[in-house]
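*Asks:* So here's data.cif, just mmCIF, C-alpha atoms and all ligand atoms:
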```cif
data_data
#
loop_
_atom_site.label_atom_id
_atom_site.label_comp_id
_atom_site.auth_asym_id
_atom_site.auth_seq_id
_atom_site.Cartn_x
_atom_site.Cartn_y
_atom_site.Cartn_z
CA MET S 1 -144.25 -60.28 118.97
CA SER S 2 -140.69 -61.57 119.03
CA VAL S 3 -138.99 -61.95 122.43
CA SER S 4 -136.71 -59.03 121.50
CA ALA S 5 -139.73 -56.79 120.74
CA TYR S 6 -141.24 -57.87 124.07
CA MET S 7 -138.01 -56.99 125.92
CA ASN S 8 -137.70 -53.67 124.15
CA THR S 9 -141.33 -52.67 124.86
CA CYS S 10 -141.22 -53.78 128.50
CA LEU S 11 -137.95 -51.95 129.17
CA HIS S 12 -138.22 -48.82 127.05
CA ASP S 13 -141.85 -48.00 126.13
CA PRO S 14 -142.04 -44.27 126.99
CA ARG S 15 -145.28 -44.61 129.00
CA HIS S 16 -145.06 -48.10 130.48
CA GLY S 17 -141.44 -49.29 130.08
CA TYR S 18 -139.51 -50.36 133.17
CA TYR S 19 -136.46 -48.14 132.63
CA ALA S 20 -138.58 -45.27 131.33
CA THR S 21 -140.93 -45.19 134.33
CA ARG S 22 -139.66 -47.04 137.41
CA PRO S 23 -136.06 -48.24 137.14
CA GLY S 24 -135.65 -50.24 140.38
CA LEU S 25 -131.87 -50.25 140.68
CA GLY S 26 -131.12 -51.14 144.28
CA THR S 27 -134.63 -52.49 144.96
CA ASP S 28 -135.41 -54.94 142.15
CA PHE S 29 -131.77 -55.80 141.51
CA ILE S 30 -128.30 -54.73 142.62
CA THR S 31 -125.14 -54.14 140.60
CA ALA S 32 -121.42 -54.21 141.44
CA PRO S 33 -120.92 -50.42 141.81
CA GLU S 34 -123.93 -50.29 144.16
CA ILE S 35 -122.40 -53.09 146.25
CA SER S 36 -118.90 -51.64 146.75
CA GLN S 37 -117.33 -48.25 145.95
CA ILE S 38 -114.09 -50.13 145.13
CA PHE S 39 -115.58 -51.38 141.84
CA GLY S 40 -115.95 -47.88 140.37
CA GLU S 41 -112.71 -46.66 141.92
CA LEU S 42 -110.66 -49.42 140.27
CA LEU S 43 -112.40 -48.78 136.93
CA GLY S 44 -111.57 -45.08 137.28
CA LEU S 45 -107.88 -45.83 137.80
CA TRP S 46 -108.01 -48.32 134.92
CA THR S 47 -109.46 -45.59 132.69
CA ALA S 48 -106.77 -43.05 133.58
CA HIS S 49 -104.08 -45.70 133.08
CA GLU S 50 -105.43 -46.55 129.62
CA TRP S 51 -105.51 -42.83 128.74
CA GLN S 52 -101.82 -42.69 129.64
CA ALA S 53 -101.24 -45.84 127.54
CA MET S 54 -102.68 -43.87 124.58
CA ASP S 55 -99.87 -41.31 125.22
CA ALA S 56 -102.22 -39.08 127.22
CA PRO S 57 -104.04 -37.35 124.33
CA PRO S 58 -105.07 -33.75 125.20
CA ARG S 59 -108.77 -34.61 124.54
CA ILE S 60 -110.39 -37.92 125.43
CA ASN S 61 -114.05 -38.92 125.31
CA LEU S 62 -114.89 -40.90 128.43
CA VAL S 63 -118.15 -42.68 127.64
CA GLU S 64 -120.34 -44.82 129.86
CA LEU S 65 -123.08 -46.98 128.36
CA GLY S 66 -126.09 -47.37 130.68
CA PRO S 67 -124.72 -45.52 133.74
CA GLY S 68 -127.66 -46.39 136.06
CA ARG S 69 -127.63 -44.06 139.08
CA GLY S 70 -124.18 -42.68 138.14
CA THR S 71 -122.54 -44.50 141.04
CA LEU S 72 -119.83 -46.23 139.00
CA MET S 73 -118.82 -43.02 137.24
CA SER S 74 -118.93 -40.95 140.42
CA ASP S 75 -116.57 -43.40 142.19
CA ALA S 76 -114.40 -43.67 139.05
CA LEU S 77 -113.98 -39.90 138.74
CA ARG S 78 -113.17 -39.47 142.44
CA ALA S 79 -110.37 -42.02 142.08
CA SER S 80 -109.03 -40.78 138.74
CA ALA S 81 -108.84 -37.16 139.97
CA ALA S 82 -105.46 -38.15 141.42
CA VAL S 83 -104.02 -38.67 137.92
CA ALA S 84 -102.51 -35.40 136.71
CA GLY S 85 -104.04 -34.01 133.53
CA PHE S 86 -106.73 -36.67 133.10
CA HIS S 87 -109.78 -34.67 134.13
CA GLY S 88 -108.57 -31.67 132.14
CA ALA S 89 -108.44 -33.81 129.00
CA MET S 90 -111.71 -35.64 129.59
CA GLN S 91 -115.12 -34.96 128.08
CA LEU S 92 -117.71 -37.09 129.89
CA ALA S 93 -120.46 -38.57 127.68
CA LEU S 94 -123.28 -40.74 128.98
CA ILE S 95 -125.43 -42.98 126.80
CA GLU S 96 -128.68 -43.49 128.67
CA ALA S 97 -132.18 -44.33 127.47
CA SER S 98 -134.07 -43.66 130.71
CA PRO S 99 -135.17 -40.07 131.47
CA ALA S 100 -135.46 -40.96 135.17
CA LEU S 101 -131.90 -42.30 135.30
CA ARG S 102 -130.58 -39.36 133.26
CA ALA S 103 -131.90 -37.09 136.02
CA ALA S 104 -130.11 -39.16 138.68
CA GLN S 105 -126.88 -39.09 136.63
CA THR S 106 -127.14 -35.31 136.18
CA ASP S 107 -127.45 -34.85 139.96
CA ARG S 108 -124.54 -37.13 140.69
CA LEU S 109 -122.13 -36.01 137.98
CA SER S 110 -122.98 -32.35 137.34
CA GLY S 111 -119.50 -31.27 138.47
CA HIS S 112 -118.11 -32.99 135.36
CA SER S 113 -120.55 -31.46 132.82
CA PRO S 114 -121.73 -34.72 131.24
CA VAL S 115 -123.16 -34.70 127.72
CA PHE S 116 -126.05 -37.11 127.11
CA HIS S 117 -126.54 -39.22 123.99
CA THR S 118 -128.66 -42.16 122.88
CA GLU S 119 -126.14 -43.68 120.43
CA LEU S 120 -122.40 -44.26 120.29
CA THR S 121 -122.39 -42.68 116.83
CA GLN S 122 -123.21 -39.31 118.46
CA ILE S 123 -119.95 -39.15 120.45
CA ALA S 124 -117.56 -36.39 119.31
CA PRO S 125 -114.65 -37.50 117.11
CA GLY S 126 -111.31 -38.28 118.79
CA PRO S 127 -109.84 -40.83 121.19
CA VAL S 128 -112.38 -42.69 123.30
CA ILE S 129 -112.54 -44.93 126.35
CA ILE S 130 -115.88 -46.67 126.90
CA LEU S 131 -117.08 -48.33 130.10
CA ALA S 132 -120.19 -50.49 130.45
CA ASN S 133 -121.31 -52.54 133.42
CA GLU S 134 -124.54 -54.55 133.13
CA TYR S 135 -125.52 -52.75 129.93
CA LEU S 136 -125.21 -55.56 127.38
CA ASP S 137 -127.52 -57.86 129.37
CA CYS S 138 -130.51 -55.56 128.83
CA LEU S 139 -130.10 -55.38 125.06
CA PRO S 140 -133.07 -57.27 123.57
CA ALA S 141 -132.53 -60.90 122.58
CA ARG S 142 -134.32 -62.97 119.96
CA GLN S 143 -134.88 -66.61 120.88
CA PHE S 144 -134.95 -69.58 118.52
CA VAL S 145 -136.02 -73.12 119.25
CA ARG S 146 -134.69 -76.12 117.32
CA ARG S 147 -137.37 -78.08 115.47
CA GLY S 148 -135.68 -80.93 113.63
CA ALA S 149 -133.33 -79.32 111.12
CA ASP S 150 -134.93 -75.87 111.47
CA TRP S 151 -134.82 -73.08 114.00
CA VAL S 152 -138.18 -71.51 114.78
CA GLU S 153 -138.53 -68.12 116.48
CA ARG S 154 -140.08 -67.98 119.93
CA VAL S 155 -142.73 -65.28 120.28
CA VAL S 156 -144.91 -63.73 122.98
CA GLY S 157 -148.68 -63.47 122.55
CA MET S 158 -151.98 -64.12 124.27
CA GLY S 159 -152.49 -67.66 125.54
CA THR S 160 -155.85 -69.45 125.71
CA ASP S 161 -156.50 -68.07 129.23
CA ALA S 162 -155.97 -64.46 128.01
CA GLU S 163 -152.63 -64.32 129.83
CA LEU S 164 -149.32 -63.61 128.10
CA ALA S 165 -147.73 -66.83 126.88
CA PHE S 166 -144.74 -68.01 124.86
CA GLY S 167 -145.40 -69.59 121.47
CA LEU S 168 -143.56 -70.45 118.28
CA ALA S 169 -143.84 -68.55 115.01
CA VAL S 170 -143.96 -71.65 112.84
CA ASP S 171 -144.36 -69.51 109.74
CA ARG S 172 -141.17 -67.64 110.65
CA ALA S 173 -138.52 -70.36 110.55
CA ASP S 174 -135.07 -68.84 110.44
CA ASP S 175 -132.17 -70.58 108.81
CA LEU S 176 -129.70 -70.79 111.66
CA ALA S 177 -128.47 -74.19 110.54
CA ALA S 178 -124.92 -72.84 110.42
CA SER S 179 -125.11 -71.95 114.11
CA PRO S 180 -122.56 -73.83 116.22
CA ALA S 181 -125.02 -73.98 119.10
CA SER S 182 -125.49 -77.40 120.57
CA ASN S 183 -128.44 -76.13 122.61
CA ASP S 184 -132.06 -76.64 121.67
CA THR S 185 -132.74 -72.97 122.37
CA LEU S 186 -130.58 -70.18 121.06
CA GLU S 187 -130.53 -66.54 122.11
CA LEU S 188 -129.23 -63.88 119.81
CA GLN S 189 -128.74 -60.19 120.67
CA PRO S 190 -128.68 -58.28 117.34
CA SER S 191 -127.45 -55.19 119.24
CA LEU S 192 -124.08 -56.87 119.80
CA ASP S 193 -123.59 -56.74 116.01
CA THR S 194 -124.60 -53.06 116.01
CA LEU S 195 -122.23 -52.22 118.86
CA VAL S 196 -119.26 -53.92 117.17
CA ASP S 197 -120.12 -52.23 113.89
CA GLN S 198 -120.13 -48.81 115.59
CA LEU S 199 -116.78 -49.55 117.27
CA LYS S 200 -115.37 -50.63 113.91
CA GLN S 201 -116.47 -47.35 112.30
CA ARG S 202 -114.73 -45.36 115.06
CA MET S 203 -111.62 -47.53 114.81
CA GLN S 204 -111.47 -46.75 111.09
CA THR S 205 -111.00 -43.04 111.85
CA GLY S 206 -107.53 -43.99 113.18
CA GLU S 207 -108.18 -42.51 116.66
CA PRO S 208 -107.41 -44.78 119.64
CA LEU S 209 -110.38 -46.60 121.10
CA ARG S 210 -110.79 -48.89 124.07
CA ALA S 211 -114.04 -50.39 125.43
CA LEU S 212 -114.28 -52.27 128.73
CA LEU S 213 -117.47 -54.32 128.90
CA ILE S 214 -118.51 -56.18 132.06
CA ASP S 215 -121.52 -58.44 132.27
CA TYR S 216 -122.77 -61.86 133.15
CA GLY S 217 -122.73 -64.78 130.79
CA PRO S 218 -120.62 -67.81 129.98
CA ALA S 219 -117.02 -67.13 128.86
CA ASP S 220 -117.50 -69.62 126.05
CA GLY S 221 -120.49 -71.35 124.50
CA ALA S 222 -123.79 -69.79 123.51
CA PRO S 223 -126.40 -69.17 126.21
CA GLY S 224 -129.66 -71.14 125.80
CA ASP S 225 -132.87 -69.72 127.24
CA THR S 226 -131.63 -67.24 129.87
CA LEU S 227 -134.39 -64.61 129.78
CA ARG S 228 -135.12 -63.63 133.39
CA ALA S 229 -137.16 -61.00 135.22
CA TYR S 230 -136.44 -59.40 138.61
CA LYS S 231 -138.83 -57.56 140.88
CA ASP S 232 -138.30 -56.56 144.53
CA GLY S 233 -135.07 -58.54 144.63
CA THR S 234 -136.75 -61.77 143.50
CA GLN S 235 -136.60 -63.63 140.21
CA ILE S 236 -140.06 -63.95 138.69
CA HIS S 237 -141.44 -65.36 135.42
CA PRO S 238 -140.43 -63.10 132.51
CA LEU S 239 -144.07 -62.67 131.42
CA ALA S 240 -145.47 -62.09 134.93
CA ALA S 241 -144.97 -58.32 135.29
CA PRO S 242 -144.30 -56.63 131.94
CA GLY S 243 -143.00 -53.09 132.43
CA LEU S 244 -142.86 -53.60 136.21
CA SER S 245 -139.80 -55.85 136.34
CA ASP S 246 -136.26 -55.76 135.00
CA LEU S 247 -135.66 -58.11 132.07
CA THR S 248 -132.22 -59.50 131.37
CA VAL S 249 -130.32 -62.20 129.47
CA ASP S 250 -126.85 -63.73 129.65
CA VAL S 251 -124.39 -62.16 127.23
CA ASP S 252 -122.85 -64.43 124.60
CA PHE S 253 -119.20 -63.42 125.10
CA SER S 254 -117.88 -65.94 122.59
CA ARG S 255 -120.06 -64.42 119.84
CA LEU S 256 -119.08 -60.89 120.90
CA LYS S 257 -115.42 -61.88 120.71
CA GLN S 258 -115.87 -63.46 117.27
CA LEU S 259 -117.70 -60.39 115.95
CA ALA S 260 -115.03 -58.02 117.31
CA GLU S 261 -112.14 -60.06 115.92
CA ALA S 262 -113.85 -60.26 112.52
CA ALA S 263 -114.20 -56.44 112.62
CA GLY S 264 -110.43 -56.07 113.15
CA LEU S 265 -110.61 -54.97 116.79
CA ASP S 266 -108.02 -56.23 119.31
CA VAL S 267 -109.78 -58.43 121.84
CA HIS S 268 -108.55 -59.14 125.39
CA GLY S 269 -110.53 -61.54 127.54
CA PRO S 270 -113.10 -62.39 128.53
CA VAL S 271 -111.60 -62.93 131.96
CA PRO S 272 -113.60 -63.60 135.13
CA GLN S 273 -114.47 -60.43 137.06
CA GLY S 274 -112.80 -61.75 140.23
CA GLN S 275 -109.47 -62.23 138.45
CA PHE S 276 -109.73 -58.79 136.82
CA LEU S 277 -110.45 -56.94 140.08
CA MET S 278 -107.75 -58.85 141.97
CA SER S 279 -105.18 -57.90 139.38
CA LEU S 280 -106.24 -54.24 139.58
CA GLY S 281 -105.60 -54.30 143.35
CA ILE S 282 -108.96 -54.76 145.07
CA GLU S 283 -107.27 -56.21 148.17
CA ALA S 284 -104.95 -53.23 148.64
CA ARG S 285 -107.83 -50.76 148.31
CA LEU S 286 -109.97 -52.80 150.72
CA ASN S 287 -107.20 -52.76 153.34
CA GLN S 288 -106.78 -49.02 152.89
CA LEU S 289 -110.51 -48.35 153.36
CA ALA S 290 -110.78 -50.72 156.33
CA LYS S 291 -107.88 -48.95 158.05
CA ALA S 292 -109.51 -45.56 157.48
CA GLN S 293 -112.91 -46.77 158.81
CA PRO S 294 -112.13 -49.43 161.45
CA GLY S 295 -115.78 -49.85 162.52
CA LYS S 296 -116.83 -50.76 158.98
CA GLY S 297 -114.20 -53.39 158.20
CA ASP S 298 -116.63 -56.34 158.11
CA ASP S 299 -119.13 -54.59 155.82
CA LEU S 300 -116.40 -53.42 153.46
CA TYR S 301 -114.93 -56.92 153.34
CA THR S 302 -118.31 -58.64 152.74
CA ALA S 303 -119.14 -56.27 149.86
CA ALA S 304 -115.74 -56.59 148.16
CA GLN S 305 -115.73 -60.35 148.68
CA ARG S 306 -119.04 -60.64 146.80
CA LEU S 307 -117.50 -59.05 143.71
CA VAL S 308 -114.59 -61.51 143.54
CA ASP S 309 -116.02 -64.67 145.12
CA PRO S 310 -115.72 -67.54 142.60
CA ALA S 311 -119.06 -68.84 143.89
CA ASP S 312 -120.72 -65.44 143.26
CA MET S 313 -120.00 -62.52 140.92
CA GLY S 314 -116.30 -63.39 140.65
CA THR S 315 -116.89 -65.99 137.95
CA ARG S 316 -120.49 -65.32 136.91
CA PHE S 317 -119.38 -61.96 135.46
CA GLN S 318 -116.88 -61.66 132.61
CA VAL S 319 -114.75 -58.70 131.57
CA ILE S 320 -113.80 -58.15 127.93
CA CYS S 321 -111.79 -55.31 126.38
CA LEU S 322 -112.14 -54.31 122.71
CA SER S 323 -109.51 -51.92 121.34
CA SER S 324 -108.20 -50.36 118.19
CA PRO S 325 -105.04 -52.18 117.10
CA GLY S 326 -101.62 -51.00 118.28
CA LEU S 327 -102.36 -50.23 121.94
CA PRO S 328 -100.55 -52.08 124.77
CA VAL S 329 -102.23 -54.93 126.61
CA PRO S 330 -104.85 -53.28 128.88
CA ALA S 331 -104.36 -53.46 132.65
CA GLY S 332 -105.99 -56.52 134.17
CA PHE S 333 -105.55 -58.70 131.08
CA GLU S 334 -101.82 -59.49 131.34
CA THR S 335 -101.16 -63.22 131.14
CA ARG S 336 -99.16 -64.58 134.01
C1 LIG F 1 -128.84 -52.92 134.74
S1 LIG F 1 -128.69 -51.19 134.65
C2 LIG F 1 -126.93 -51.00 135.02
C3 LIG F 1 -126.62 -49.66 135.59
C4 LIG F 1 -125.15 -49.37 135.92
N1 LIG F 1 -124.28 -49.59 134.79
C5 LIG F 1 -124.68 -50.16 137.10
O1 LIG F 1 -123.80 -50.99 136.96
O2 LIG F 1 -125.21 -49.93 138.18
C6 LIG F 1 -128.78 -50.90 132.89
C7 LIG F 1 -128.57 -49.48 132.46
O3 LIG F 1 -128.54 -49.41 131.04
C8 LIG F 1 -129.53 -48.48 130.59
N2 LIG F 1 -130.00 -48.96 129.28
C9 LIG F 1 -130.61 -50.12 128.99
N3 LIG F 1 -130.84 -50.24 127.67
C10 LIG F 1 -130.34 -49.13 127.10
C11 LIG F 1 -130.27 -48.65 125.76
N4 LIG F 1 -130.76 -49.37 124.75
N5 LIG F 1 -129.68 -47.45 125.52
C12 LIG F 1 -129.17 -46.71 126.56
N6 LIG F 1 -129.23 -47.12 127.85
C13 LIG F 1 -129.79 -48.30 128.12
C14 LIG F 1 -130.56 -48.49 131.70
O4 LIG F 1 -131.42 -47.39 131.67
C15 LIG F 1 -129.63 -48.51 132.91
O5 LIG F 1 -129.04 -47.26 133.15
#
```
Show me the file's structure as structure tokens.

*Replies:*
Amino acid sequence: MSVSAYMNTCLHDPRHGYYATRPGLGTDFITAPEISQIFGELLGLWTAHEWQAMDAPPRINLVELGPGRGTLMSDALRASAAVAGFHGAMQLALIEASPALRAAQTDRLSGHSPVFHTELTQIAPGPVIILANEYLDCLPARQFVRRGADWVERVVGMGTDAELAFGLAVDRADDLAASPASNDTLELQPSLDTLVDQLKQRMQTGEPLRALLIDYGPADGAPGDTLRAYKDGTQIHPLAAPGLSDLTVDVDFSRLKQLAEAAGLDVHGPVPQGQFLMSLGIEARLNQLAKAQPGKGDDLYTAAQRLVDPADMGTRFQVICLSSPGLPVPAGFETR
């Protein structure tokens, strides 16, 4: 099978898939909202600010793609409750594939009556603000390996020792000769095309749209072979524990940007996560929290520092904003 079919089966097979059966958020891997409450709080204020920048429409779809345990949204909604009129206008919609995580999100967010969907196309018509943190990186990737002038698809099958092994589908050469990649391996997430296409269709209704997407990956240049697996907090071989480990790839932000621009969306970023959170005021919120909980100052600082540290998530993660044309520059993307 292709690497993308392998990823999809391992993550989403209803009986054996990782997210379907044992999503190990917090044990196998950790994400920004699980590290510090400030991450979700700042995104909540960003969301309310962007609603106001749309002239505060009386109805707004607030959508999260892949909400995990609901931590980001719970922190975001606590912070945005301070913005008059926002919660009254908001309809919360969650796009989540995992039944186990849907249950966790229902527990956490029941006070806001979330509606669950599997596709962006199912969201009610009208203005929309979309948030996604570490969602794009689990969308299945195809891999291609350069063989002379051709690109050949990498596949997963049974090796000679009856263990899973990577191979090449020599009969399935794909013509990627026009690809700008200088790498010898190329990863391609077809779902990025689908996502941009769905945003384009919504944009064409004339309703305002803004999507804030945060993930890891290079700001420019195509990723090579970045398929990784995580189990119990450790990186393991991607074929070692199918269905029992999280699988992930770097997001190709330059391709996402190109696709979005070609679709007619306004694109801001990508900017490094550290820069984005600093400009939204992470330091001020950290000081406020540390003052309110003096005994926890060091822990609060260490967690927040991890999100912005240039040697850690501060540069490894990128933030990109895709919008319908005509909206002001989104907060956090102003050029200095
Ligand atoms: C790495 S977790 C990130 C969770 C959360 N956003 C956070 O930052 O903690 C990925 C999330 O995306 C969901 N997910 C992955 N692929 C999906 C798909 N194709 N459709 C809907 N949800 C998906 C997973 O179930 C999970 O909730």

*Asks:* Just want the residues within 9 Å of ligand LIG 1 (chain F), written as a ChimeraX atom specification, counting all atoms listed in the file.

*Replies:* /S:8,11-12,18-20,23,25-26,29-34,64-73,94-102,117-119,131-140,191,214,246-248

*Asks:* Find the residues around His237 of chain S up to 12 Å (only C-alpha atoms counted), leave out those fewer than 6 positions away in its own chain, and share them as a ChimeraX atom specification.

*Replies:* /S:164-166,226-231,244-248

*Asks:* Nearest to Met203 of chain S among S:Val3, S:Ala219, S:Leu92, S:Leu322, with distances taken over only C-alpha atoms: which residue is it?

*Replies:* S:Leu322

*Asks:* Which protein, DNA or RNA residues have an atom at most 8 Å from (-143.6, -55.6, 126.4), counting only C-alpha atoms? List them as a PDB file with C-alpha atoms, in the coordinates of the input.

*Replies:*
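Listed below is the output, selection-v7.pdb:
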```
ATOM      1  CA  ALA S   5    -139.730 -56.790 120.740  1.00  0.00           C
ATOM      2  CA  TYR S   6    -141.240 -57.870 124.070  1.00  0.00           C
ATOM      3  CA  MET S   7    -138.010 -56.990 125.920  1.00  0.00           C
ATOM      4  CA  ASN S   8    -137.700 -53.670 124.150  1.00  0.00           C
ATOM      5  CA  THR S   9    -141.330 -52.670 124.860  1.00  0.00           C
ATOM      6  CA  CYS S  10    -141.220 -53.780 128.500  1.00  0.00           C
ATOM      7  CA  LEU S  11    -137.950 -51.950 129.170  1.00  0.00           C
ATOM      8  CA  ASP S  13    -141.850 -48.000 126.130  1.00  0.00           C
ATOM      9  CA  GLY S  17    -141.440 -49.290 130.080  1.00  0.00           C
ATOM     10  CA  PRO S 242    -144.300 -56.630 131.940  1.00  0.00           C
ATOM     11  CA  GLY S 243    -143.000 -53.090 132.430  1.00  0.00           C
TER      12      GLY S 243
END
```

*Asks:* Find, counting all atoms listed in the file, the residue in S:Met278, S:Leu188, S:Ala211, S:Leu265 that gets nearest to Val249 of chain S.

*Replies:*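 Going through S:Met278, S:Leu188, S:Ala211, S:Leu265 one by one, the smallest distance to Val249 of chain S is for S:Leu188.
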
*Asks:* Find the distance between atom CA of Ile129 of chain S and atom CA of Gln275 of chain S and write it in Å to one decimal.

*Replies:*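 Distance reported for this atom pair: 21.3 Å.
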
*Asks:* Might you pull out every residue within 7 Å of Val267 of chain S, with only C-alpha atoms counted and same-chain residues fewer than 4 positions away left off, and present them as a list in words?

*Replies:* Lys257, Ala260, Glu261, Cys321, Leu322 and Ser323 of chain S

*Asks:* Would you mind reading off the distance between atom CA of Leu109 of chain S and atom CA of Arg22 of chain S, one decimal, in Å?

*Replies:* 20.7 Å

*Asks:* Hey, what's within 6 Å of Val319 of chain S if we count all atoms listed in the file and toss same-chain stuff fewer than 4 positions away? As a PyMOL selection string, please?

*Replies:* chain S and resi 213-214+270-271+273

*Asks:* Could you save the residues just selected, with C-alpha atoms, as an mmCIF file, in the frame of the given file?

*Replies:*
```
data_model
loop_
_atom_site.group_PDB
_atom_site.id
_atom_site.type_symbol
_atom_site.label_atom_id
_atom_site.label_comp_id
_atom_site.auth_asym_id
_atom_site.auth_seq_id
_atom_site.Cartn_x
_atom_site.Cartn_y
_atom_site.Cartn_z
ATOM 1 C CA LEU S 213 -117.470 -54.320 128.900
ATOM 2 C CA ILE S 214 -118.510 -56.180 132.060
ATOM 3 C CA PRO S 270 -113.100 -62.390 128.530
ATOM 4 C CA VAL S 271 -111.600 -62.930 131.960
ATOM 5 C CA GLN S 273 -114.470 -60.430 137.060
#
```

*Asks:* Just the number, please: distance in Å from atom CA of Gly269 of chain S to atom CA of Gln52 of chain S, one decimal.

*Replies:*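 Separating atom CA of Gly269 of chain S from atom CA of Gln52 of chain S is a distance of 20.9 Å.
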
*Asks:* Skipping near chain neighbours, those fewer than 4 positions away, what residues fall within 12 Å of Gln143 of chain S using only C-alpha atoms, listed as a ChimeraX atom specification?

*Replies:* /S:1-7,151-156,166-169,173-174,176,183-190,222-227,249

*Asks:* Find, counting all atoms listed in the file, the residue in S:Trp51, S:Ser74, S:Asp28, S:Pro272 that gets nearest to Pro328 of chain S.

*Replies:*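 Selected residue with least distance to Pro328 of chain S: S:Trp51.
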
*Asks:* Between S:Leu45, S:Val251, S:Leu209, S:Ile123, which has the minimum distance to Ala84 of chain S (counting all atoms listed in the file)?

*Replies:*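 Among the listed residues, the smallest separation from Ala84 of chain S belongs to S:Leu45.
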
*Asks:* Identify, on the basis of all atoms listed in the file, every residue whose closest approach to Gly314 of chain S does not exceed 9 Å; exclude the query and any residue fewer than 6 positions from it along the same chain; express the result as a PyMOL selection string.

*Replies:* chain S and resi 272-277+305-308
